[in-house]
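Undergrad: This is the structure I have questions about; it appears just below.
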Amino acid sequence: MWVAAKSFARRTFAGPSRPRPPPRPSPSPVDRDDTRHRHQFNPDPFTLTPPEEHKHLPLVNAQTLAASKTRPRSCRMLARDFIHDSLYNPHYGYFSRHAVLLPDVENEQGEREATFGDIKNEADFMRKVEGSYIAFEKNFMDRAAKNAPAPPPPPAHPESTPAPPRAPSQLPRSFSAAGLDAAKAQGRAAWLKSQQQGMQHDEDVTSMVARQVWHTPTQLFKPHYANIVAQHCIDSISDGRPLIIYEMGAGSGAMAECVLNYVQERYPDMYSSMRYHIIEISDRLATQQTQRLTKHLDNKRVTIHRQDILTWNTPVHEDCFVLGLEVLDNLSHDVVRYSTSDSTPYQCYISIDSTGDMHELYTPVTDPLIRQFLSLYHQLRPQEQAPALPKTLTSLPSPLRRLVANQLPFYPNMSQPHFIPTSSLKLLQTLAHFFPNHRPIFSDFHTLPKDASVKGINGPIVQTRIGGEMVDVGTYAVLQGYFDIFFPTDFELLRDFYAQVDNDGRVARRGLEVVKHRAFLERYPHLAKGCQLKDGSNPMLSWYENASWLIG
């Protein structure tokens, strides 16, 4: 049965010229047999249901999309595959092609600050951070102006007769279903016309993409932040064992460089036997890391593995640390909604038609990873069988609940979205299986601003940078590659999941603790003091209050 649909047809940016759709794989037995697609009732009664074709589009996943150089069309995929493709596709993904880490914070003369003690206070430090963004914007604009083509000549006949406007009685109301149909038809007609004329609309998008820049704590508080991580590893290893570190998603390589420098300078004997491995999904970032770590590569201390950690299949039996800083937040999530009448979970697909319009479709949960996550979640939190449903509804007797859900006018048929970290579960399974003797060191945001997040339980922030400003949008179903999509991490749940996937209990026996950002850094006061400013404040401790660590 089909009901009102939620449409994501109104995309924020126009895409490039029309790509070829990916090959149409034959539908799986589950796809052929299960036609019970469902839609979320939308508070907007004029939002249209998607065309019938969306139910029958072939299923693809992030692995098959990775081979395509163009954004997918005429297909469906699970929400986690859509998000993974948007962020990590090697040809157009956000981190693979577009995101940039800014250079180190510099002073007005373009020189690196000698010490944090030269900075007056946190406001002064913030001005220096903002200055680095402004300098980047100015440099980009200068280069863009230098390389801009000459303006086209004026038309031979500038006078033109505009088309007469339609009579008011002929115009559908913009807020009506007919108005939405008309707007959609006009948009598609304009898109088709642009393809026929061979027009390209990438210039504005490319300009926007070039500004996808940010700082990480490692860069802001270099080298002191990384020195604390290095010292923690040194203090935690057994006597006589080599220091072995695997870093997932090393970004620009700043953390690796600082850790290696710290060990080389303070523990030269340990440096001679240590090994630092980087597991990097982005070829572009891996190239930057290679350039940055030349000295340590020459010393044969570093190995860069160009692959996705989720596809790792090489056993590592040595004692090692697995470092993941600002990695968990960008691991893709699935979207689940629960039936308001009986709490049945439904998994989300993103369907994309031939013009790039996107819609959410829901079917009963069949995906093995989603099933496994929900099973573990219910074991660990039995009081939250359907966390996205209001307790006032779930506490009702079943007959009354069905009456409310099915008969009450305009009552939603499904809950708000529940964004579940299925890729984080897969990461823990990978680490437990292939790194049985590892110690995790993870850090990320445990909460994000609610007013900027996509609505739902554990909703992400979806944003891009335009003209020096960060712009948030209200959906994750956006044009792939142009938006950062990041989620809060439930560190207590992550810790409890570790115990479930740790088959032989090695990680659990060592102990896992969740520590707030400041509390962990204050364990090494002699190193944290390096970021103290003139007035005695310390931005490395006071900033990132919404971040936590998982330490093993």
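Identifiers in this document derive from the order of the structure tokens: chains are assigned A, B, ..., residues are numbered from 1 separately in each chain, and ligands are numbered from 1 in order of occurrence.
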Which neighbours of Tyr524 in chain A fall inside 8 Å, counting only C-alpha atoms, when residues of the same chain fewer than 4 positions from it are skipped, and could you give them as a PyMOL selection string?
TA: chain A and resi 228+520+528
Undergrad: Enter the distance from CA of Pro217 in chain A to CA of Val515 in chain A, in Å, rounded to one decimal.
TA: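 Straight-line distance from CA of Pro217 in chain A to CA of Val515 in chain A works out to 16.6 Å.
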Undergrad: Have a look at A:Leu527, A:Met414, A:Ile244, A:Ile83 and name the one nearest to Val316 in chain A; count only C-alpha atoms.
TA: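 With only C-alpha atoms as the atom set, the closest residue is A:Ile244.
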Undergrad: Rank nothing, just name the residue among A:Asp269, A:Asp85, A:Glu469, A:Glu318 nearest to Glu130 in chain A, using only C-alpha atoms.
TA: A:Glu469
Undergrad: Give me the residues near Gln429 in chain A as a VMD selection string, where near means some atom within 12 Å (using only C-alpha atoms) and where sequence neighbours in that chain fewer than 2 positions away do not count.
TA: chain A and resid 309 to 313 369 372 to 373 422 to 427 431 to 436 494 497 to 503
Undergrad: Just the selected residues (N, CA and C atoms), exported as an mmCIF file, in the first residue's frame, please.
TA:
data_model
loop_
_atom_site.group_PDB
_atom_site.id
_atom_site.type_symbol
_atom_site.label_atom_id
_atom_site.label_comp_id
_atom_site.auth_asym_id
_atom_site.auth_seq_id
_atom_site.Cartn_x
_atom_site.Cartn_y
_atom_site.Cartn_z
ATOM 1 N N ILE A 309 39.221 1.026 5.456
ATOM 2 C CA ILE A 309 39.392 0.168 6.631
ATOM 3 C C ILE A 309 38.282 -0.875 6.711
ATOM 4 N N LEU A 310 37.096 -0.567 6.194
ATOM 5 C CA LEU A 310 35.980 -1.508 6.276
ATOM 6 C C LEU A 310 36.162 -2.702 5.341
ATOM 7 N N THR A 311 37.116 -2.619 4.416
ATOM 8 C CA THR A 311 37.390 -3.756 3.529
ATOM 9 C C THR A 311 38.729 -4.416 3.864
ATOM 10 N N TRP A 312 39.303 -4.070 5.005
ATOM 11 C CA TRP A 312 40.588 -4.641 5.410
ATOM 12 C C TRP A 312 40.441 -6.148 5.614
ATOM 13 N N ASN A 313 41.406 -6.931 5.092
ATOM 14 C CA ASN A 313 41.309 -8.396 5.221
ATOM 15 C C ASN A 313 42.660 -9.054 5.507
ATOM 16 N N LEU A 369 23.081 -6.486 8.120
ATOM 17 C CA LEU A 369 23.811 -5.621 9.044
ATOM 18 C C LEU A 369 22.848 -4.783 9.880
ATOM 19 N N GLN A 372 21.393 -7.101 12.463
ATOM 20 C CA GLN A 372 22.354 -7.387 13.524
ATOM 21 C C GLN A 372 22.483 -6.207 14.473
ATOM 22 N N PHE A 373 22.543 -4.996 13.912
ATOM 23 C CA PHE A 373 22.639 -3.813 14.769
ATOM 24 C C PHE A 373 21.420 -3.725 15.695
ATOM 25 N N THR A 422 25.571 1.684 11.567
ATOM 26 C CA THR A 422 25.889 0.324 11.112
ATOM 27 C C THR A 422 27.331 0.200 10.639
ATOM 28 N N SER A 423 27.889 1.248 10.045
ATOM 29 C CA SER A 423 29.285 1.165 9.602
ATOM 30 C C SER A 423 30.242 1.154 10.793
ATOM 31 N N SER A 424 29.869 1.800 11.890
ATOM 32 C CA SER A 424 30.684 1.703 13.107
ATOM 33 C C SER A 424 30.686 0.281 13.632
ATOM 34 N N LEU A 425 29.538 -0.387 13.582
ATOM 35 C CA LEU A 425 29.482 -1.795 13.985
ATOM 36 C C LEU A 425 30.372 -2.638 13.088
ATOM 37 N N LYS A 426 30.326 -2.388 11.797
ATOM 38 C CA LYS A 426 31.182 -3.131 10.877
ATOM 39 C C LYS A 426 32.657 -2.860 11.158
ATOM 40 N N LEU A 427 32.995 -1.629 11.520
ATOM 41 C CA LEU A 427 34.378 -1.297 11.880
ATOM 42 C C LEU A 427 34.821 -2.106 13.084
ATOM 43 N N LEU A 431 37.929 -4.786 13.231
ATOM 44 C CA LEU A 431 39.042 -4.685 14.170
ATOM 45 C C LEU A 431 39.145 -5.932 15.042
ATOM 46 N N ALA A 432 38.011 -6.435 15.514
ATOM 47 C CA ALA A 432 38.035 -7.618 16.377
ATOM 48 C C ALA A 432 38.557 -8.840 15.627
ATOM 49 N N HIS A 433 38.232 -8.939 14.343
ATOM 50 C CA HIS A 433 38.614 -10.122 13.573
ATOM 51 C C HIS A 433 40.051 -10.042 13.077
ATOM 52 N N PHE A 434 40.462 -8.884 12.549
ATOM 53 C CA PHE A 434 41.778 -8.781 11.910
ATOM 54 C C PHE A 434 42.845 -8.121 12.797
ATOM 55 N N PHE A 435 42.423 -7.457 13.870
ATOM 56 C CA PHE A 435 43.370 -6.841 14.804
ATOM 57 C C PHE A 435 43.053 -7.337 16.223
ATOM 58 N N PRO A 436 43.198 -8.611 16.495
ATOM 59 C CA PRO A 436 42.736 -9.161 17.780
ATOM 60 C C PRO A 436 43.463 -8.583 18.992
ATOM 61 N N LEU A 494 29.037 2.560 21.793
ATOM 62 C CA LEU A 494 30.194 2.012 21.082
ATOM 63 C C LEU A 494 31.006 1.108 22.002
ATOM 64 N N PHE A 497 29.122 -2.122 22.479
ATOM 65 C CA PHE A 497 29.186 -2.942 21.266
ATOM 66 C C PHE A 497 30.522 -3.666 21.169
ATOM 67 N N TYR A 498 31.589 -3.008 21.614
ATOM 68 C CA TYR A 498 32.909 -3.647 21.599
ATOM 69 C C TYR A 498 32.861 -4.977 22.342
ATOM 70 N N ALA A 499 32.215 -4.985 23.502
ATOM 71 C CA ALA A 499 32.138 -6.215 24.295
ATOM 72 C C ALA A 499 31.363 -7.307 23.564
ATOM 73 N N GLN A 500 30.409 -6.913 22.723
ATOM 74 C CA GLN A 500 29.606 -7.898 22.005
ATOM 75 C C GLN A 500 30.359 -8.518 20.829
ATOM 76 N N VAL A 501 31.205 -7.735 20.168
ATOM 77 C CA VAL A 501 31.912 -8.254 18.982
ATOM 78 C C VAL A 501 33.301 -8.782 19.316
ATOM 79 N N ASP A 502 33.778 -8.539 20.542
ATOM 80 C CA ASP A 502 35.106 -8.986 20.980
ATOM 81 C C ASP A 502 35.009 -10.453 21.372
ATOM 82 N N ASN A 503 35.193 -11.326 20.370
ATOM 83 C CA ASN A 503 34.901 -12.746 20.552
ATOM 84 C C ASN A 503 35.671 -13.395 21.693
#
Undergrad: Run DSSP on the backbone and grab whatever in range 315-490 of chain A lands in alpha helix (DSSP H); send it over as a count of residues only.
TA: 40
Undergrad: May I have the residues within 12 Å of range 474-478 of chain A as number ranges by chain, using only C-alpha atoms and disregarding those fewer than 3 positions away in the same chain?
TA: A: 6-15, 71, 77-87, 94, 332-335, 348-352, 356-360, 417, 419, 450-456, 459-464, 471, 481-487
Undergrad: Given the choices A:Pro399, A:Gly511, A:Pro382, A:Pro412, which gets closest to Tyr338 in chain A if the distance is worked out from only C-alpha atoms?
TA: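 For Tyr338 in chain A, the nearest of the given residues is A:Pro412.
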Undergrad: Could you work out how far CA of Asp353 in chain A lies from CA of Pro72 in chain A, giving the answer in Å with one decimal?
TA: 8.9 Å
Undergrad: Identify, with DSSP run on backbone atoms, the residues in range 368-474 of chain A assigned to strand (DSSP E or B), and express the list as number ranges by chain.
TA: A: 414, 418-420, 438-445, 453, 457, 461-466, 469-473
Undergrad: Smallest atom-to-atom distance to Met540 in chain A: which of A:Pro390, A:Gly324, A:Pro223, A:Pro315, using only C-alpha atoms?
TA: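 Among the listed residues, A:Pro223 lies closest to Met540 in chain A.
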Undergrad: Write out, as a Markdown table, each residue of range 242-354 of chain A that has an atom at most 8 Å from range 365-368 of chain A, together with the closest pair of atoms and their distance in Å to one decimal, counting only C-alpha atoms, rows going by chain and rising number.
TA:
| residue | atom | partner | partner_atom | distance |
| --- | --- | --- | --- | --- |
| A:Pro345 | CA | A:Val365 | CA | 6.2 |
| A:Tyr346 | CA | A:Val365 | CA | 5.2 |
| A:Gln347 | CA | A:Val365 | CA | 5.1 |
Undergrad: Save the residues we just selected, N, CA and C atoms, as an mmCIF file, in the first residue's frame?
TA:
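See selection.cif below for the written result:
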data_model
loop_
_atom_site.group_PDB
_atom_site.id
_atom_site.type_symbol
_atom_site.label_atom_id
_atom_site.label_comp_id
_atom_site.auth_asym_id
_atom_site.auth_seq_id
_atom_site.Cartn_x
_atom_site.Cartn_y
_atom_site.Cartn_z
ATOM 1 N N PRO A 345 10.257 -2.197 12.518
ATOM 2 C CA PRO A 345 11.275 -1.320 11.914
ATOM 3 C C PRO A 345 11.274 -1.409 10.393
ATOM 4 N N TYR A 346 11.477 -0.294 9.758
ATOM 5 C CA TYR A 346 11.565 -0.208 8.300
ATOM 6 C C TYR A 346 12.915 0.401 7.924
ATOM 7 N N GLN A 347 13.586 -0.191 6.947
ATOM 8 C CA GLN A 347 14.872 0.323 6.479
ATOM 9 C C GLN A 347 14.653 1.273 5.319
#
Undergrad: Env of Leu328 in chain A: 7 Å cut, atoms = only C-alpha atoms, seq-sep filter 2 positions within chain, self excluded. Answer as a list in words.
TA: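 Selected residues are Glu326, Asn330, Leu331, Ser424, Asp444 and Thr489 of chain A.
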Undergrad: Export N, CA and C atoms of the chosen residues as a short mmCIF file (atom, residue, chain, number, x, y, z; two decimals), in the first residue's frame?
TA:
data_model
loop_
_atom_site.label_atom_id
_atom_site.label_comp_id
_atom_site.auth_asym_id
_atom_site.auth_seq_id
_atom_site.Cartn_x
_atom_site.Cartn_y
_atom_site.Cartn_z
N GLU A 326 38.41 11.93 14.57
CA GLU A 326 37.44 12.53 13.64
C GLU A 326 37.16 11.58 12.47
N ASN A 330 32.16 10.48 10.35
CA ASN A 330 31.90 10.38 8.91
C ASN A 330 31.67 8.96 8.43
N LEU A 331 31.55 8.00 9.35
CA LEU A 331 31.15 6.65 8.93
C LEU A 331 29.66 6.67 8.61
N SER A 424 29.87 1.80 11.89
CA SER A 424 30.68 1.70 13.11
C SER A 424 30.69 0.28 13.63
N ASP A 444 35.97 11.82 18.97
CA ASP A 444 35.00 12.43 18.06
C ASP A 444 33.95 13.18 18.88
N THR A 489 28.54 10.69 17.93
CA THR A 489 28.89 9.31 18.29
C THR A 489 28.43 9.03 19.72
#
Undergrad: If I take CA of Arg73 in chain A and CA of Ser354 in chain A, how far is one from the other in Å, to one decimal?
TA: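 Interatomic distance here is 5.1 Å.
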